[in-house]
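In what follows, a structure is listed as structure tokens, so that the remarks can point back to it.
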Amino acid sequence: MPEPGLRERKKHRTREMLIDAAQELFCANGFEATTVDEIAAAADVSPRTFFRYFTSKEDVALAFADEQITAMLDRFAAQPADTPVLTGLRQAAVELVRASEAAAGSARARHQRMRQLVSASPALAAARTERGVARLDEVARLVGARMGVDPAVDPRPHLVASVALCAVQTTITAWRAAGRDAPDSELIGQAFDLLSAGLDYSAA
């Protein structure tokens, strides 16, 4: 692909500065207490410029999470066609998050701040789940294409999409609240492994 032009590079840098400034302020002062004006000032832009890139504080707070979902789906779509659906989603999610955990500099810092933000703000945790729900049709289409079925007729692609985008993350949030301290990539892998083994557990 051709290299982006100067204008596109400047827009990308501004967007990245806004994300980093917002994350730092949210972690330092709390999501609810931070204002758009403060984020814009920290990034050395005007509030009007902020709204050219993001619609709200929630939008900028979850921008990195949105990017991760997109990257995960790109990885899933690029896998060999004969890779089973749940296996493919597990591999894509674990590899992506593991790369963020192992990265140096800003990529790793963003991942750590995102984890801190969602853990500290139930509102952001709920919003992240809602944003996942908004992409269910997109994921179901990818899953359906791999399965060779039409998601409008076969309910399984939407079930798998719901598990991948919502159930796994909700489970990890609950595990962390209960005191499980492990890397996100490890917990994601464990959640997918449990799903693959089946959930019809015997009664005690």
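Starting from 1 in every chain, residues are counted up; chains themselves are A, B, ... following the order of the structure tokens, and ligands are numbered from 1 as listed.
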Give me, as a Markdown table, the closest atom pair and its distance (Å, one decimal) for every residue of segment 68-94 of chain A within a cut-off of 12 Å of segment 164-170 of chain A, counting only C-alpha atoms, rows sorted by chain and rising number.
| residue | atom | partner | partner_atom | distance |
| --- | --- | --- | --- | --- |
| A:Gln68 | CA | A:Leu165 | CA | 11.2 |
| A:Ile69 | CA | A:Leu165 | CA | 8.2 |
| A:Thr70 | CA | A:Leu165 | CA | 11.2 |
| A:Met72 | CA | A:Ala164 | CA | 10.3 |
| A:Leu73 | CA | A:Ala164 | CA | 10.4 |
| A:Phe76 | CA | A:Ala164 | CA | 11.4 |
| A:Val85 | CA | A:Ala164 | CA | 10.3 |
| A:Leu86 | CA | A:Ala164 | CA | 8.3 |
| A:Thr87 | CA | A:Ala164 | CA | 11.0 |
| A:Gly88 | CA | A:Ala164 | CA | 10.6 |
| A:Leu89 | CA | A:Ala164 | CA | 7.1 |
| A:Arg90 | CA | A:Ala164 | CA | 8.3 |
| A:Gln91 | CA | A:Ala164 | CA | 11.5 |
| A:Ala92 | CA | A:Ala164 | CA | 10.6 |
| A:Ala93 | CA | A:Ala164 | CA | 8.8 |
| A:Val94 | CA | A:Ala164 | CA | 11.6 |
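Excluding segment 40-45 of chain A itself and same-chain residues fewer than 3 positions from it, the residues having an atom within 12 Å of it are A:Lys11, A:Arg13, A:Thr14, A:Arg15, A:Glu16, A:Met17, A:Leu18, A:Ile19, A:Asp20, A:Ala21, A:Ala22, A:Gln23, A:Glu24, A:Leu25, A:Phe26, A:Thr34, A:Thr35, A:Val36, A:Asp37, A:Arg48, A:Thr49, A:Phe50, A:Phe51, A:Arg52, A:Tyr53, A:Phe54, A:Ser56, A:Lys57, A:Val60, counting only C-alpha atoms.
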Exercise. Which residues, written as a ChimeraX atom specification, have at least one atom at most 9 Å from segment 156-162 of chain A, with only C-alpha atoms counted and residues fewer than 4 positions away on the same chain left out?
Worked result: /A:85-86,132-133,135-144,147,149-151,166-168
With C-alpha atoms retained, could you export that selection as a PDB file, in the first residue's frame?
ATOM      1  CA  VAL A  85     -13.768 -21.336  14.512  1.00  0.00           C
ATOM      2  CA  LEU A  86     -13.227 -21.283  18.285  1.00  0.00           C
ATOM      3  CA  GLY A 132     -18.463  -5.452  21.407  1.00  0.00           C
ATOM      4  CA  VAL A 133     -22.185  -6.118  20.963  1.00  0.00           C
ATOM      5  CA  ARG A 135     -19.809  -5.526  16.226  1.00  0.00           C
ATOM      6  CA  LEU A 136     -21.590  -8.849  16.581  1.00  0.00           C
ATOM      7  CA  ASP A 137     -22.882  -8.867  13.003  1.00  0.00           C
ATOM      8  CA  GLU A 138     -19.387  -8.183  11.671  1.00  0.00           C
ATOM      9  CA  VAL A 139     -17.895 -11.060  13.627  1.00  0.00           C
ATOM     10  CA  ALA A 140     -20.804 -13.369  12.818  1.00  0.00           C
ATOM     11  CA  ARG A 141     -20.216 -12.776   9.101  1.00  0.00           C
ATOM     12  CA  LEU A 142     -16.561 -13.800   9.462  1.00  0.00           C
ATOM     13  CA  VAL A 143     -17.491 -16.862  11.495  1.00  0.00           C
ATOM     14  CA  GLY A 144     -20.273 -17.800   9.089  1.00  0.00           C
ATOM     15  CA  MET A 147     -18.227 -22.321   8.650  1.00  0.00           C
ATOM     16  CA  VAL A 149     -23.181 -21.019   6.594  1.00  0.00           C
ATOM     17  CA  ASP A 150     -25.419 -17.951   6.424  1.00  0.00           C
ATOM     18  CA  PRO A 151     -25.657 -16.150   9.803  1.00  0.00           C
ATOM     19  CA  CYS A 166     -18.680 -10.342  25.236  1.00  0.00           C
ATOM     20  CA  ALA A 167     -18.675 -13.504  27.320  1.00  0.00           C
ATOM     21  CA  VAL A 168     -14.913 -13.996  27.454  1.00  0.00           C
TER      22      VAL A 168
END
For this session: Please provide the set of residues having any atom within 10 Å of Ala127 of chain A, restricted to only C-alpha atoms, with same-chain residues fewer than 3 positions apart removed, written as a list in words.
Result: Glu58, Asp59, Leu62, Val118, Ser121, Pro122, Ala123, Leu124, Glu130, Arg131, Gly132 and Val133 of chain A
For this session: Check the smallest atom-to-atom distance from each of A:Ala145, A:Ala204, A:Ser119, A:Gln190 to Ala174 of chain A using only C-alpha atoms, then report the winner.
Result: A:Ser119
Problem set entry | Those in chain A with helix (DSSP H, G or I) from DSSP, as a VMD selection string | chain A and resid 6 to 29 36 to 42 47 to 53 57 to 61 63 to 78 85 to 102 106 to 120 122 to 133 136 to 147 156 to 177 184 to 197
Exercise. Interatomic distance between atom CA of Ala134 of chain A and atom CA of Ala152 of chain A?
Worked result: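 Those two atoms sit 16.4 Å apart.
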For this session: Using only C-alpha atoms, find the one residue out of A:Ala125, A:Cys27, A:Ala33, A:Met114 that sits nearest to Thr173 of chain A.
Result: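 Nearest to Thr173 of chain A: A:Ala125.
The spacing separating atom CA of Val97 of chain A from atom CA of Asp184 of chain A amounts to 7.0 Å.
Counting from atom CA of Ser106 of chain A, the distance to atom CA of Ala63 of chain A is 14.3 Å.
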